[in-house]
Structures are given as structure tokens and as C-alpha cells.
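Notes for the one structure printed next.
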Amino acid sequence: MADRGLINVVILGVSFMFIFTAFNTAGMIEETVIQSVQEEGKFDGGSGYISLAIIYTVFAAANWGAPPVVSVCGPRNSMVLGAFLYCLFIAVFIYPMVWALYLGSVLLGLGAAILWTGEGSYLTLNSTPETIGRNSGIFWALQASSLMFGNIFVWQEFTGKEIIDPKTRIQVYVVLLVVCCVGTLMLFALRNKSPEDRTNSQDGNRENKSNEGPLQAFKRSIQLFKTKEMLMLGLCFAYTGLELNFYSGVYSTCIGNTKAFGEEAKSLIGIAGAFLGAGEIIGGAAFGLSGKLANRHGRDPIILLGFIVHMTAFYLIYINLPQSSPISEIVTDASYYPVLIQSNKYVAVLCGFLWGLGDSCYNTQVYSLLGSLFSEDSAPAFSLFFFTQSLTAAAGFFYSTYLILQWQLLIVAVFCVAGTMAFFQVEWMSTSRPSKKGYTQIN
């Protein structure tokens with residue numbers, strides 16, 4: 001008989017694949033599309049970076065209220081509500097208006113907190129300490145495949161276009177809206193685990209805590225935030241937020257603003273994004289299939305791989321793209337900020353792949369650690385992860401408007417080192433303690 005928990009994880013991953021095929025694609029091209037709309041003399045005052053900064057700022061704040069919502073509505077219903085707000089945001093770009101963009105950004109931030117906290121709780125409820133690594137990898141590979149499918153579509157639509165005309169924009173965002181709606185409807189297929197799958201008391205404890213009152217859920221979030229493990233993991237969470245900021249908005253803008261790529265610059269955004277998705281898929285699938293090896297050797301080797309891959313990507317991006325490319329193509333010229341090598345489109349695509357592979361290393365292992373270490377407090381643990389991640393991502397989008405490439409890469413690299421060291425320390429603490437839970441008991 002098939003494992004109901006595994007079936008739920010696959011359905012969850014496919015649902016998120018559709019939802020984030022729409023949103024990730026929309027987010028990566030947002031600043032480029034808005035620049036094109038402004039070329040038409042419209043949309044004065046609108047900014048893709050500011051929109052994304054609003055999303056992640058609201059996302060961060062809303063994570064404190066997300067566990068009570070998940071407690072009252074349940075993980076599945078919470079995810080449906082959050083996904084619906086994603087659909088509304090994508091619809092804004094069909095006929096963009098500045099007020100609608102920023103209102104949609106606020107609503108999406110609220111929806112993201114509910115969606116991702118519900119996802120973390122549901123993934124943990126359908127996993128055991130032995131399967132959480134496998135399930136995290138499977139979910140991440142399916143969800144991350146959205147980057148490949150969406151960006152292939154963008155590459156096809158943007159090829160040969162220096163300016164994204166209204167017809168192309170409307171066509172792209174209508175398709176993305178339909179795809180997001182399909183993913184939202186698929187969430188209704190999620191079911192509770194059957195009684196025979198819930199054979200250990202830990203599962204029962206997790207379900208009892210997922211059904212506790214909203215006030216108790218909020219208090220648990222505050223208490224969990226004060227534990228030593230969670231405070232240290234905050235550095236790793238912060239790094240995932242900064243690298244999310246870079247790959248989901250900044251890197252695509254850098255490529256699109258690099259004049260050396262000529263007419264291919266806009267379509268190259270889709271190709272690099274597709275290879276980023278390929279890296280995410282390969283990493284997630286590999287770590288999911290090798291779950292037993294990870295259980296035996298720990299999570300540190302995978303995190304170390306991610307560290308090496310990301311540091312390589314940072315260096316290649318630094319020498320390959322103009323330093324002013326995150327800001328505007330108007331000043332992207334060698335007389336202002338010379339590149340260290342002639343900008344090469346193949347290196348740009350390779351860096352997309354490396355970034356995706358490294359991102360899958362960090363995110364799958366963070367998911368695995370949270371689901372294992374905080375198995376009885378999954379909703380508040382994941383909400384704290386997304387709070388920190390989205391807060392630093394928001395900060396990144398705010399400074400992305402002003403800082404040239406080298407300073408943005410330096411910030412990300414510093415947090416990469418600090419976050420990796422913090423993860424190693426928490427992993428060591430969790431395996432060396434004799435207690436079952438491995439972290440400070442919450443009463």
C-alpha cells in the first residue's frame with residue numbers, strides 16, 4: 001500500500017510547482033517589465049524592486065501571525081487562501097497601475113506567510129524523522145522545477161525584444177495567472193494521513209500542536225524564538241533571504257541590463273533562470289534520493305557543497321557582469337564601471353545553474369533540520385524561518401536600488417560564511433545532546 005504521507009508530499013510539490021512557475025517567473029521579470037512600461041511613458045513611480053521589498057517586508061511581519069491562522073484554518077485551507085492572493089498579485093500586471101502593484105504586493109506578503117507556514121506544517125505532519133530529508137528533497141525538486149518551466153516560456157516570448165511590448169506582457173501574465181490558478185485548485189487534493197500511517201506518538205504530538213488555539217500558537221513562536229538554536233540559525237535564515245533577493249530579482253535585471261549581450265539580453269534572462277531551475281531540481285532530487293546517506297553522514301557535507309558552489313558563483317558573477325548592471329542599463333558602460341573580463345553569456349548561464357544548485361543545498365537541509373529538530377513545533381519553527389528569510393530579502397530589495405554589483409555580492413558573501421558556520425554549530429549541537437528533541441524544551 002502506498003504511503004499516504006509520500007503521496008501528499010508529491011501533490012504538495014506539484015501544486016507549488018504550478019503556483020511558483022507563475023510567481024517566480026513574474027518576480028524575476030518584474031523590474032524588466034516595469035522598465036519597459038515606463039519606456040512607454042506610463043507607470044511613473046512604479047518600481048519592481050520596491051514592490052518586491054514590500055512583499056518581503058509584509059511577509060516578514062505576517063509570519064508572526066501565520067501560526068495562529070494555520071492553527072485555526074488547518075494547513076491545507078491556509079495554503080489555499082495564501083495561493084489565492086498569489087493569483088491576485090499576478091493579475092495586476094495584465095493592466096499595471098502603480099497603486100494596484102503596491103496593494104497587490106501587500107496582499108501577496110500576507111498570503112506568502114500563510115502559504116509557507118502551512119506548507120512547513122503540512123510537510124512535517126506527513127514526515128517522520130527518517131523521511132523528513134527525503135520528503136524535503138522531493139518537495140524542493142518539484143517546487144524548484146517551476147524556475148525551469150517558467151523561464152523557458154519567458155525565453156520564448158522575449159527572444160529578439162529589447163522592449164517588452166504590451167501585447168507580449170499581457171500574453172505572458174495571462175498564461176502565468178492561469179497556471180497559478182491550476183496550482184491553487186490542486187491544493188484541494190491534499191488529504192490527511194490515514195490512521196495506519198500515524199503509528200508513533202510523535203505524529204500525534206505534532207497533530208495536537210497543529211490544532212492548538214491561536215494564542216497558544218503565537219506564544220510558542222515567541223518562546224521558540226528565544227532558544228539558542230533558533231537564534232543561531234537566524235544567520236543561516238538571513239543568508240537564504242539575501243541570496244533569494246539576488247537570484248529572484250537582481251541577477252535577472254543585471255543580465256537584462258548588460259549591453260554586451262545585445263538583443264539577446266532580455267531573452268537570456270529566461271535561459272539563465274531555466275538553468276537556475278535545473279540546478280535546483282538536480283540538487284533537490286539528489287538530496288531526496290540520497291536521504292539515507294544524509295541520515296548516516298549528516299547534513300554538513302551538503303551545506304559545505306552549497307558553500308563552495310555559491311562562492312564560485314559569486315566570483316564568476318563579479319568578473320563577468322558590469323558593476324552598475326543592477327541599477328540601470330543607461331549607465332552600464334565600460335567607461336563607468338569596467339568588467340574584469342568581456343561579458344560572456346555562457347558564464348552568465350553557468351552562474352544561474354550554480355546559484356540554483358547551491359540554493360537547493362541550503363534550503364533542503366534547513367527544511368530537514370527544522371522538521372527533525374523542531375518536529376513538535378513545526379508551524380512556529382517554519383514561520384520564524386520565513387520571518388527571518390523574508391526580512392533580509394526585503395532589506396536586500398531596498399538596497400538593490402542603490403548599490404552596485406560588487407557591494408551586493410560582498411554582503412551576500414559575508415552572510416554566506418556566517419550562515420554556514422552557524423548551521424554547522426547547530427547541527428553539531430543537535431547531534432551531541434542526549435535529549436530526544438535536541439533543543440530547549442518549551443513548556
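Chain identifiers are assigned as A, B, and so on, following the order in which chains appear in the C-alpha cells; residues are numbered from 1 within each chain, and ligands are numbered from 1 in order of appearance.
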task: Any chance you could list, as a ChimeraX atom specification, the residues in region 224-377 of chain A that come up alpha helix (DSSP H) when DSSP is run on the backbone?
output: /A:224-225,228-245,251-256,265-289,291-297,300-320,345-373
query: Which residues, written as a PyMOL selection string, have at least one atom at most 7 Å from region 373-388 of chain A, with only C-alpha atoms counted and residues fewer than 3 positions away on the same chain left out?
result: chain A and resi 59-61+63-64+66-67+117+120-121+124+205-206+209+220-221+234+237-238+369-370+391-392+437-438
Minimum-distance residue to Ile269 (chain A), chosen among A:Glu30, A:Ser368, A:Met421, A:Val98 (using only C-alpha atoms): A:Glu30
task: Do a neighbour search on Gly82 (chain A) at 6 Å with only C-alpha atoms, toss out local chain neighbours closer than 6 positions, and write the hits as a ChimeraX atom specification.
output: /A:111-112,114-115
message: List the spatial neighbours of Phe89 (chain A) as a list in words - criterion: any atom at most 8 Å away, only C-alpha atoms, same-chain residues fewer than 5 positions off excluded.
response: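 What passes the distance filter is Leu101, Gly104, Ser105, Leu107 and Leu108 of chain A.
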field: Atom-to-atom span, CA of Gly241 (chain A) and CA of Phe398 (chain A), Å
entry: 12.9 Å
